[in-house]
file my_file_11.txt (compact mmCIF, C-alpha atoms and all ligand atoms)
# COMPACT_ATOMS: atom_id res chain seq x y z
CA MET A 203 77.41 91.43 140.45
CA GLU A 204 78.90 94.83 139.75
CA LEU A 205 78.17 94.97 135.99
CA LYS A 206 74.59 93.84 136.51
CA ARG A 207 74.01 96.64 139.00
CA MET A 208 75.49 99.24 136.65
CA LEU A 209 73.34 98.00 133.77
CA ALA A 210 70.25 98.32 135.92
CA GLU A 211 70.98 101.67 137.53
CA ASP A 212 72.27 103.80 134.66
CA ILE A 213 69.55 104.83 132.20
CA ALA A 214 71.74 104.75 129.10
CA LEU A 215 73.26 101.41 130.13
CA ALA A 216 69.82 99.93 130.79
CA ARG A 217 68.79 100.93 127.29
CA LEU A 218 72.04 99.56 125.90
CA ALA A 219 71.45 96.19 127.60
CA ALA A 220 67.89 96.15 126.26
CA GLY A 221 69.30 96.53 122.75
CA VAL A 222 67.37 99.75 122.04
CA GLU A 223 68.78 102.99 120.66
CA THR A 224 70.23 105.35 123.20
CA VAL A 225 72.16 108.58 123.59
CA TRP A 226 74.89 108.71 126.22
CA ILE A 227 76.58 111.88 127.35
CA ASN A 228 80.03 111.23 128.79
CA PRO A 229 80.12 112.39 132.42
CA GLY A 230 83.92 111.95 132.44
CA ARG A 231 84.69 114.62 129.86
CA VAL A 232 86.78 117.51 131.20
CA PRO A 233 87.81 120.86 129.71
CA PHE A 234 90.48 120.05 127.13
CA ALA A 235 93.19 122.00 128.96
CA ARG A 236 92.71 119.74 131.97
CA ALA A 237 92.73 116.42 130.11
CA GLU A 238 95.82 114.35 130.89
CA LEU A 239 97.10 112.93 127.63
CA PRO A 240 99.92 110.42 127.12
CA PHE A 241 101.07 112.11 123.91
CA GLY A 242 100.54 115.35 122.07
CA ARG A 243 100.84 117.20 118.80
CA ASP A 244 104.38 116.09 118.02
CA ALA A 245 103.23 112.45 117.79
CA VAL A 246 100.64 113.39 115.17
CA ALA A 247 103.06 115.71 113.35
CA ASP A 248 105.57 112.86 113.19
CA ALA A 249 102.96 110.66 111.48
CA ALA A 250 102.02 113.44 109.06
CA ALA A 251 105.70 113.95 108.15
CA ARG A 252 106.13 110.23 107.54
CA LEU A 253 103.17 110.22 105.14
CA GLU A 254 104.78 113.15 103.31
CA ARG A 255 108.03 111.21 102.99
CA PHE A 256 106.15 108.28 101.50
CA ALA A 257 104.06 110.36 99.08
CA PRO A 258 106.41 109.81 96.08
CA LEU A 259 106.30 106.04 96.66
CA ILE A 260 102.51 106.03 97.05
CA ARG A 261 102.22 107.98 93.82
CA THR A 262 104.41 105.35 92.10
CA LEU A 263 102.43 102.39 93.46
CA PHE A 264 98.98 104.00 93.21
CA PRO A 265 98.95 106.67 90.48
CA GLU A 266 95.25 107.31 91.20
CA THR A 267 96.31 109.10 94.40
CA GLY A 268 97.64 112.01 92.32
CA ASP A 269 100.13 113.64 94.67
CA GLY A 270 100.57 110.49 96.73
CA ILE A 271 98.70 111.89 99.71
CA ILE A 272 95.67 109.72 100.42
CA GLU A 273 92.92 112.13 101.42
CA SER A 274 89.16 112.39 100.99
CA PRO A 275 86.87 115.27 100.05
CA LEU A 276 84.65 117.17 102.46
CA THR A 277 81.27 117.74 100.86
CA GLU A 278 78.41 119.85 102.16
CA ILE A 279 75.18 117.82 101.92
CA PRO A 280 72.35 120.33 102.41
CA ALA A 281 69.56 118.08 101.12
CA MET A 282 70.52 115.38 103.63
CA GLY A 283 70.84 118.05 106.30
CA SER A 284 67.31 119.21 105.72
CA ARG A 285 66.02 115.63 105.78
CA LEU A 286 67.60 115.17 109.18
CA GLY A 287 66.59 118.66 110.26
CA CYS A 288 70.04 119.31 111.68
CA GLY A 289 71.17 122.43 109.84
CA ARG A 290 74.59 122.76 108.21
CA LEU A 291 75.82 119.23 107.50
CA PHE A 292 79.02 118.03 105.84
CA LEU A 293 80.07 114.56 104.81
CA LYS A 294 83.73 113.64 105.34
CA ARG A 295 84.08 111.14 102.55
CA ASP A 296 86.60 108.58 103.74
CA SER A 297 84.29 106.24 101.87
CA ASP A 298 86.18 107.47 98.79
CA LEU A 299 89.72 107.24 100.14
CA ALA A 300 92.05 105.79 97.51
CA VAL A 301 93.53 102.30 97.80
CA ALA A 302 91.20 100.98 100.53
CA GLY A 303 87.83 102.75 100.07
CA SER A 304 87.43 103.25 103.80
CA VAL A 305 88.76 105.11 106.83
CA LYS A 306 91.21 102.21 107.25
CA ALA A 307 93.27 103.71 104.44
CA ARG A 308 94.47 106.16 107.12
CA GLY A 309 95.64 103.96 109.98
CA GLY A 310 96.20 100.70 108.14
CA ILE A 311 98.33 102.08 105.36
CA TYR A 312 100.24 104.30 107.76
CA GLU A 313 101.19 101.34 109.94
CA VAL A 314 102.42 99.28 106.99
CA LEU A 315 104.50 102.23 105.80
CA LYS A 316 105.98 102.90 109.23
CA HIS A 317 106.93 99.24 109.64
CA SER A 318 108.48 99.23 106.17
CA GLU A 319 110.44 102.40 106.84
CA THR A 320 111.88 100.90 110.02
CA LEU A 321 112.90 97.69 108.24
CA ALA A 322 114.30 99.56 105.23
CA LEU A 323 116.42 101.89 107.38
CA GLU A 324 117.80 98.96 109.38
CA ALA A 325 118.62 97.03 106.22
CA GLY A 326 120.17 100.02 104.46
CA LEU A 327 117.55 100.05 101.71
CA LEU A 328 116.99 103.65 102.78
CA THR A 329 119.89 105.74 104.04
CA GLY A 330 117.75 108.20 105.99
CA TYR A 331 114.56 110.23 106.04
CA HIS A 332 115.84 112.37 103.17
CA ASP A 333 116.40 109.43 100.86
CA ASP A 334 114.27 108.81 97.77
CA TYR A 335 111.47 106.57 99.06
CA THR A 336 110.57 105.36 95.55
CA ARG A 337 113.64 103.11 96.01
CA LEU A 338 111.29 100.87 98.00
CA ALA A 339 109.53 99.95 94.75
CA ALA A 340 112.82 98.69 93.20
CA PRO A 341 113.35 94.92 92.71
CA ASP A 342 115.86 94.53 95.57
CA ALA A 343 113.47 96.17 98.04
CA ARG A 344 110.54 94.09 96.79
CA ALA A 345 112.60 90.92 97.18
CA PHE A 346 113.45 92.01 100.73
CA PHE A 347 109.77 92.56 101.61
CA ALA A 348 108.75 89.34 99.85
CA ARG A 349 110.68 87.34 102.44
CA ARG A 350 108.50 88.89 105.13
CA LYS A 351 104.88 88.69 106.19
CA VAL A 352 102.35 91.22 107.38
CA GLN A 353 99.30 89.77 109.11
CA VAL A 354 96.12 91.23 110.58
CA GLY A 355 92.78 90.12 112.00
CA SER A 356 89.86 91.98 110.50
CA THR A 357 86.11 92.24 110.05
CA GLY A 358 86.88 93.40 106.50
CA ASN A 359 88.06 96.90 105.85
CA LEU A 360 91.23 96.84 107.93
CA GLY A 361 92.17 93.67 106.10
CA VAL A 362 91.62 95.40 102.77
CA SER A 363 93.80 98.35 103.75
CA ILE A 364 96.66 96.34 105.28
CA GLY A 365 96.40 93.59 102.68
CA ILE A 366 96.45 95.80 99.59
CA MET A 367 99.26 98.04 100.86
CA SER A 368 101.40 95.13 102.06
CA ALA A 369 100.93 93.20 98.82
CA ALA A 370 101.74 96.32 96.80
CA LEU A 371 105.11 96.58 98.56
CA GLY A 372 105.78 92.90 97.92
CA TYR A 373 105.10 91.40 101.35
CA GLN A 374 103.30 88.12 101.86
CA ALA A 375 100.04 89.54 103.23
CA VAL A 376 97.78 87.37 105.38
CA VAL A 377 94.37 88.57 106.55
CA HIS A 378 92.51 86.60 109.22
CA MET A 379 88.82 87.27 108.72
CA SER A 380 85.83 86.76 110.95
CA ALA A 381 82.69 84.99 109.78
CA ASP A 382 80.75 88.25 109.35
CA ALA A 383 83.26 89.65 106.84
CA LYS A 384 81.65 90.11 103.45
CA GLN A 385 82.45 87.57 100.73
CA TRP A 386 83.29 90.27 98.18
CA LYS A 387 86.00 91.65 100.47
CA LYS A 388 87.60 88.21 100.67
CA ASP A 389 87.38 87.87 96.88
CA TYR A 390 88.83 91.34 96.39
CA LEU A 391 91.81 90.58 98.63
CA ARG A 392 92.51 87.22 97.00
CA ALA A 393 92.40 88.89 93.58
CA HIS A 394 95.15 91.22 94.85
CA GLY A 395 97.40 88.37 95.95
CA VAL A 396 96.48 88.46 99.64
CA THR A 397 96.03 85.22 101.59
CA VAL A 398 92.67 85.20 103.38
CA VAL A 399 92.15 82.83 106.32
CA GLU A 400 88.52 82.45 107.36
CA TYR A 401 87.20 81.76 110.85
CA ALA A 402 83.81 80.49 111.92
CA GLY A 403 83.90 82.63 115.07
CA ASP A 404 83.84 86.36 115.60
CA TYR A 405 86.41 89.07 115.14
CA GLY A 406 88.09 88.46 118.50
CA ARG A 407 88.83 84.90 117.49
CA ALA A 408 90.27 85.89 114.11
CA VAL A 409 92.58 88.36 115.84
CA GLU A 410 93.69 85.83 118.44
CA GLN A 411 94.55 83.18 115.83
CA GLY A 412 96.24 85.66 113.54
CA ARG A 413 98.39 86.98 116.35
CA ALA A 414 99.40 83.47 117.46
CA GLU A 415 100.44 82.51 113.94
CA SER A 416 102.36 85.71 113.42
CA ASP A 417 104.12 85.56 116.79
CA ALA A 418 105.39 82.08 115.94
CA ASP A 419 107.13 83.45 112.84
CA PRO A 420 110.11 85.80 113.30
CA MET A 421 109.70 87.10 109.74
CA SER A 422 106.11 88.12 110.39
CA TYR A 423 104.65 91.40 111.66
CA PHE A 424 101.20 91.51 113.22
CA VAL A 425 99.07 94.65 113.08
CA ASP A 426 97.32 94.91 116.43
CA ASP A 427 94.02 96.70 115.86
CA GLU A 428 93.30 96.95 119.58
CA ASN A 429 96.53 98.40 120.86
CA SER A 430 98.48 99.87 117.97
CA LYS A 431 99.69 103.42 118.52
CA ASP A 432 100.78 103.59 114.89
CA LEU A 433 97.29 102.90 113.58
CA PHE A 434 96.02 105.54 115.99
CA PHE A 435 98.45 108.26 114.86
CA GLY A 436 97.73 107.43 111.23
CA TYR A 437 94.06 108.17 111.88
CA ALA A 438 94.84 111.30 113.87
CA VAL A 439 96.50 112.94 110.85
CA ALA A 440 92.99 113.38 109.42
CA ALA A 441 92.34 116.35 111.73
CA ASP A 442 94.82 118.84 110.25
CA ARG A 443 93.68 118.00 106.78
CA LEU A 444 90.02 118.45 107.72
CA ALA A 445 90.86 121.80 109.29
CA ARG A 446 92.30 122.97 105.97
CA GLN A 447 89.16 121.83 104.15
CA LEU A 448 86.89 123.59 106.64
CA ALA A 449 88.90 126.78 106.29
CA ALA A 450 88.66 126.52 102.49
CA ALA A 451 84.88 126.14 102.82
CA ASN A 452 84.79 129.26 105.03
CA VAL A 453 83.52 127.32 108.01
CA ALA A 454 84.54 128.93 111.28
CA VAL A 455 85.21 126.74 114.30
CA ASP A 456 85.30 128.78 117.51
CA GLY A 457 83.41 129.38 120.73
CA GLY A 458 80.40 130.76 118.87
CA HIS A 459 80.60 128.18 116.07
CA PRO A 460 81.04 124.72 117.53
CA LEU A 461 81.84 121.68 115.43
CA PHE A 462 79.92 118.44 116.13
CA VAL A 463 81.52 115.35 114.61
CA TYR A 464 79.86 111.92 114.46
CA ILE A 465 82.06 108.91 113.78
CA PRO A 466 81.06 105.23 113.49
CA CYS A 467 82.97 103.14 116.03
CA GLY A 468 84.10 99.53 116.07
CA VAL A 469 87.11 98.66 118.22
CA GLY A 470 87.76 102.40 118.57
CA GLY A 471 91.04 103.02 116.76
CA ALA A 472 89.73 104.96 113.77
CA PRO A 473 87.23 107.18 115.57
CA GLY A 474 89.57 107.51 118.55
CA GLY A 475 92.50 108.63 116.45
CA ILE A 476 90.40 111.11 114.50
CA ALA A 477 88.82 112.43 117.69
CA PHE A 478 92.22 112.81 119.33
CA GLY A 479 93.55 114.79 116.38
CA LEU A 480 90.47 117.01 116.36
CA LYS A 481 90.67 117.73 120.09
CA LEU A 482 94.37 118.66 119.80
CA LEU A 483 93.40 121.14 117.12
CA TYR A 484 90.09 122.58 118.25
CA GLY A 485 90.01 121.80 121.98
CA ASP A 486 86.64 122.56 123.55
CA ASN A 487 85.19 123.90 120.29
CA VAL A 488 84.89 120.42 118.81
CA HIS A 489 82.41 117.91 120.22
CA VAL A 490 83.00 114.35 119.12
CA PHE A 491 80.36 111.62 119.33
CA PHE A 492 80.87 107.97 118.42
CA VAL A 493 78.04 105.89 116.99
CA GLU A 494 77.73 102.13 117.43
CA PRO A 495 75.16 99.45 116.52
CA THR A 496 72.59 98.60 119.20
CA GLN A 497 73.89 95.01 119.33
CA ALA A 498 77.61 95.90 119.34
CA PRO A 499 78.09 99.07 121.43
CA CYS A 500 81.39 97.91 122.90
CA MET A 501 83.05 101.31 123.33
CA LEU A 502 79.98 102.81 125.00
CA LEU A 503 79.79 99.83 127.35
CA GLY A 504 83.49 100.11 128.19
CA LEU A 505 83.37 103.85 128.77
CA ALA A 506 80.11 104.02 130.69
CA THR A 507 81.11 101.19 133.04
CA GLY A 508 84.76 102.22 133.21
CA LEU A 509 85.59 98.57 132.53
CA HIS A 510 86.98 99.27 129.02
CA ASN A 511 88.39 96.08 127.49
CA ALA A 512 87.53 94.07 130.60
CA VAL A 513 83.93 93.94 129.40
CA CYS A 514 82.32 92.76 126.16
CA VAL A 515 78.83 93.26 124.74
CA GLN A 516 77.96 89.61 125.35
CA ASP A 517 78.47 90.26 129.09
CA ALA A 518 75.62 92.77 128.78
CA GLY A 519 73.39 90.19 127.09
CA LEU A 520 73.84 91.50 123.55
CA THR A 521 74.67 89.39 120.49
CA GLY A 522 77.44 91.47 118.92
CA LEU A 523 75.77 90.70 115.59
CA THR A 524 75.04 93.55 113.19
CA HIS A 525 74.67 94.30 109.49
CA ALA A 526 77.27 97.01 110.06
CA ASP A 527 80.19 94.63 109.47
CA GLY A 528 82.79 97.35 110.04
CA LEU A 529 81.40 97.91 113.52
CA ALA A 530 80.81 94.27 114.51
CA VAL A 531 83.17 94.33 117.47
CA GLY A 532 82.27 92.96 120.90
CA ARG A 533 85.19 94.22 122.96
CA PRO A 534 86.63 97.74 122.73
CA SER A 535 90.25 98.81 122.68
CA GLY A 536 91.21 99.56 126.27
CA PHE A 537 93.96 101.88 125.07
CA VAL A 538 91.53 103.98 123.06
CA GLY A 539 88.79 103.88 125.70
CA ARG A 540 91.09 105.25 128.41
CA LEU A 541 92.35 107.96 126.08
CA MET A 542 88.83 108.97 125.07
CA ALA A 543 87.43 109.00 128.62
CA PRO A 544 88.25 112.71 129.27
CA LEU A 545 87.76 113.84 125.64
CA LEU A 546 84.67 112.25 124.14
CA SER A 547 81.37 114.13 124.33
CA GLY A 548 79.18 111.05 124.08
CA GLU A 549 77.80 108.24 122.01
CA MET A 550 74.68 107.23 120.15
CA THR A 551 73.58 103.72 119.28
CA VAL A 552 71.69 102.90 116.11
CA ALA A 553 69.43 100.04 115.04
CA ASP A 554 70.53 98.17 111.90
CA GLY A 555 67.30 99.00 110.09
CA ARG A 556 67.94 102.70 110.38
CA LEU A 557 71.34 102.34 108.67
CA TYR A 558 69.57 101.31 105.46
CA ASP A 559 67.11 104.19 105.80
CA TYR A 560 70.05 106.62 106.02
CA LEU A 561 71.78 104.84 103.13
CA ARG A 562 68.72 105.37 100.92
CA ALA A 563 68.19 108.93 102.14
CA LEU A 564 71.77 109.90 101.24
CA TRP A 565 71.52 108.20 97.86
CA ASP A 566 68.13 109.75 97.05
CA SER A 567 68.94 113.25 98.31
CA GLN A 568 72.59 113.61 97.30
CA GLY A 569 73.38 110.77 94.92
CA ILE A 570 76.15 109.57 97.22
CA PHE A 571 76.60 105.93 98.17
CA ILE A 572 78.26 104.84 101.43
CA GLU A 573 78.19 101.45 103.17
CA PRO A 574 75.79 100.60 106.03
CA SER A 575 78.48 100.89 108.75
CA ALA A 576 79.30 104.42 107.60
CA CYS A 577 75.62 105.42 107.74
CA ALA A 578 75.77 105.14 111.53
CA ALA A 579 77.23 108.66 111.51
CA PHE A 580 73.83 110.11 110.57
CA GLN A 581 72.32 108.84 113.79
CA GLY A 582 74.47 111.45 115.51
CA ALA A 583 73.28 114.32 113.35
CA ALA A 584 69.66 113.21 113.78
CA ALA A 585 70.01 112.90 117.55
CA ALA A 586 71.64 116.32 117.80
CA VAL A 587 68.31 117.97 117.08
CA THR A 588 65.85 115.39 118.42
CA ALA A 589 67.33 113.78 121.54
CA PRO A 590 66.55 115.46 124.87
CA GLU A 591 70.02 114.39 126.08
CA MET A 592 71.55 116.49 123.32
CA ALA A 593 69.39 119.51 124.17
CA ASP A 594 70.64 119.20 127.76
CA TYR A 595 74.20 118.84 126.50
CA ALA A 596 73.94 122.03 124.45
CA ARG A 597 72.42 123.95 127.35
CA GLU A 598 74.97 122.74 129.90
CA ASN A 599 77.82 123.69 127.58
CA GLY A 600 76.32 127.04 126.63
CA LEU A 601 76.03 126.08 122.95
CA ASP A 602 73.60 127.52 120.45
CA ILE A 603 72.62 124.45 118.44
CA THR A 604 71.64 126.59 115.42
CA GLN A 605 75.30 127.68 115.13
CA VAL A 606 76.68 124.16 115.04
CA THR A 607 78.39 122.73 111.97
CA HIS A 608 77.75 118.98 111.82
CA ILE A 609 80.14 116.51 110.21
CA ALA A 610 79.07 112.94 109.50
CA TRP A 611 82.21 110.87 109.03
CA ALA A 612 81.49 108.49 106.15
CA THR A 613 83.89 105.68 106.99
CA GLY A 614 83.53 103.41 103.96
CA GLY A 615 81.83 102.48 100.74
CA ALA A 616 83.78 103.02 97.50
CA LEU A 617 84.73 99.38 97.02
CA VAL A 618 81.23 97.94 97.51
CA PRO A 619 80.36 96.12 94.24
CA GLN A 620 77.39 97.26 92.19
CA GLU A 621 75.10 94.27 92.89
CA GLN A 622 75.78 94.64 96.60
CA ARG A 623 74.86 98.34 96.43
CA GLN A 624 71.54 97.48 94.83
CA ALA A 625 70.87 94.92 97.55
CA PHE A 626 71.66 97.48 100.27
CA LEU A 627 69.42 100.09 98.65
CA GLN A 628 66.55 97.61 98.76
CA THR A 629 67.09 96.30 102.28
CA VAL A 630 64.35 97.20 104.73
CA LEU A 631 64.54 96.03 108.33
CA PRO A 632 62.23 96.82 111.23
CA VAL A 633 63.68 99.46 113.54
C1 LIG B 1 86.69 99.95 110.88
C2 LIG B 1 85.54 100.77 110.54
C3 LIG B 1 85.00 101.67 111.45
C4 LIG B 1 85.47 101.84 112.87
O1 LIG B 1 86.83 101.76 113.11
P1 LIG B 1 87.40 101.11 114.44
O2 LIG B 1 88.83 101.41 114.43
O3 LIG B 1 87.13 99.63 114.36
O4 LIG B 1 86.63 101.69 115.57
C5 LIG B 1 83.92 102.42 111.04
N1 LIG B 1 83.39 102.29 109.81
C6 LIG B 1 83.89 101.44 108.90
C7 LIG B 1 83.28 101.36 107.55
C8 LIG B 1 84.98 100.65 109.24
O5 LIG B 1 85.47 99.80 108.34
call {"tool": "encode", "arguments": {"input": "my_file_11.txt", "output": "structure tokens"}}
result
Amino acid sequence: MELKRMLAEDIALARLAAGVETVWINPGRVPFARAELPFGRDAVADAAARLERFAPLIRTLFPETGDGIIESPLTEIPAMGSRLGCGRLFLKRDSDLAVAGSVKARGGIYEVLKHSETLALEAGLLTGYHDDYTRLAAPDARAFFARRKVQVGSTGNLGVSIGIMSAALGYQAVVHMSADAKQWKKDYLRAHGVTVVEYAGDYGRAVEQGRAESDADPMSYFVDDENSKDLFFGYAVAADRLARQLAAANVAVDGGHPLFVYIPCGVGGAPGGIAFGLKLLYGDNVHVFFVEPTQAPCMLLGLATGLHNAVCVQDAGLTGLTHADGLAVGRPSGFVGRLMAPLLSGEMTVADGRLYDYLRALWDSQGIFIEPSACAAFQGAAAAVTAPEMADYARENGLDITQVTHIAWATGGALVPQEQRQAFLQTVLPV
């Protein structure tokens, strides 16, 4: 069988199938100027402009956002950098994004807003892009949304983002959750008026059921985590904002000062969108690596075999089970995988036990808490200076590793309840 042969013959794939940590350098990456891309900067600019239009409404619904632009800080974390031995290290703190407490505040909220804008323009609730978007918080608009549903399948954080935003606009929000979703996330959603449907099976099953239910209802909209372009563009907007933060911190990104970015990956939408935005902006001067759990490396499997969403981690003999609930995905997005194939620098996989070690290290060294899934990012920064594959990568690309600025993308954490944080801080698993 073809897959079996690939798993045996490729070193990184053999390690992946054995469930041990690995570093994979993408042989399919091409110089950015030669990458064939289905869309460009205008698609991302369109999403950014839409978020600007909605800012007054967001400020009305969520005063904690200040100016109504949901954005996270970029924090240099030198003590963590010296623990990892990687040099200049920053934390992009999407863990602290308002409303959803995770990276999903980017794509998820954007998609709900885009859908709402479309409906509101059709119905005459908005007269055009220049209208006052706070009108969507008025009783007639709320009543309009209340007759409609927004549904999504989620391992947790996407459900929180879509659910909270949809409910805030007045929609009936329904989140279909997989068995590995954390109880506190279900409780949190229910407390915000969101209907949570639980499934015994995995994420794929929750998505399938949610989609079927939504498709049967003409008043319902289903957010498709695997294929949604809107989610993707919502994530991609992060890049321009990060660029402004880097400039403000006097961090140069150019041929002599490469940027290495490590992003935890589940189905691929969030890291893919962010990576796409970054490549549009920085081209060959940014090197993006995804990080996945050793038991759920679906994107790596899809990319390295070229099979994308035609393969799942169970086909490679893995369980798909991981403590990193935000990354517990067995089958990657084919749309994102194909888009990343010429752009992504590589991937690392990480054992669950190491996530808790990173979680403690960040807490002890910097006093910052992020959730286990988000801690996967540190595996990239650690590998950058320890993995032979990364030394080869630097040499082949003519990069001086001492001049690299590293960014660990902290994808979630703010909403984790206190007792749960304590439990995470005390969790020790064999690596
Ligand atoms: C969803 C999520 C990711 C990955 O996003 P995908 O779009 O599924 O790849 C990473 N970290 C956290 C905390 C998440 O919730």
call {"tool": "residues_near_point", "arguments": {"input": "my_file_11.txt", "point": "(83.7, 107.1, 101.5)", "cutoff": "6 Å", "atoms": "all atoms listed in the file", "output": "ChimeraX atom specification"}}
result
/A:295-298,304,572,612-616
call {"tool": "write_last_selection", "arguments": {"input": "my_file_11.txt", "atoms": "C-alpha atoms", "output": "compact mmCIF listing (two decimals), in the frame of the given file"}}
result
# COMPACT_ATOMS: atom_id res chain seq x y z
CA ARG A 295 84.08 111.14 102.55
CA ASP A 296 86.60 108.58 103.74
CA SER A 297 84.29 106.24 101.87
CA ASP A 298 86.18 107.47 98.79
CA SER A 304 87.43 103.25 103.80
CA ILE A 572 78.26 104.84 101.43
CA ALA A 612 81.49 108.49 106.15
CA THR A 613 83.89 105.68 106.99
CA GLY A 614 83.53 103.41 103.96
CA GLY A 615 81.83 102.48 100.74
CA ALA A 616 83.78 103.02 97.50
call {"tool": "residues_near_ligand", "arguments": {"input": "my_file_11.txt", "ligand": "ligand LIG 1 (chain B)", "cutoff": "6 Å", "atoms": "all atoms listed in the file", "output": "list in words"}}
result
Ser304, Asn359, Pro466, Cys467, Gly468, Val469, Gly470, Gly471, Ala472, Pro473, Gly528, Leu529, Ser575, Ala576, Thr613 and Gly614 of chain A
call {"tool": "closest_residue", "arguments": {"input": "my_file_11.txt", "among": "A:Ser363, A:Ser430, A:Gln353, A:Thr224", "to": "Ala408 in chain A", "atoms": "all atoms listed in the file"}}
result
A:Gln353
call {"tool": "atom_distance", "arguments": {"input": "my_file_11.txt", "atom1": "CA of Ala216 in chain A", "atom2": "CA of Val552 in chain A"}}
result
15.1 Å
call {"tool": "closest_atom_pairs", "arguments": {"input": "my_file_11.txt", "of": "range 263-367 of chain A", "to": "range 598-606 of chain A", "cutoff": "9 Å", "atoms": "all atoms listed in the file", "output": "CSV"}}
result
residue,atom,partner,partner_atom,distance
A:Cys288,CA,A:Thr604,CA,8.3
A:Gly289,CA,A:Thr604,CA,7.0
A:Arg290,CA,A:Val606,CA,7.3
call {"tool": "atom_distance", "arguments": {"input": "my_file_11.txt", "atom1": "CA of Gly436 in chain A", "atom2": "CA of Ala477 in chain A"}}
result
12.1 Å
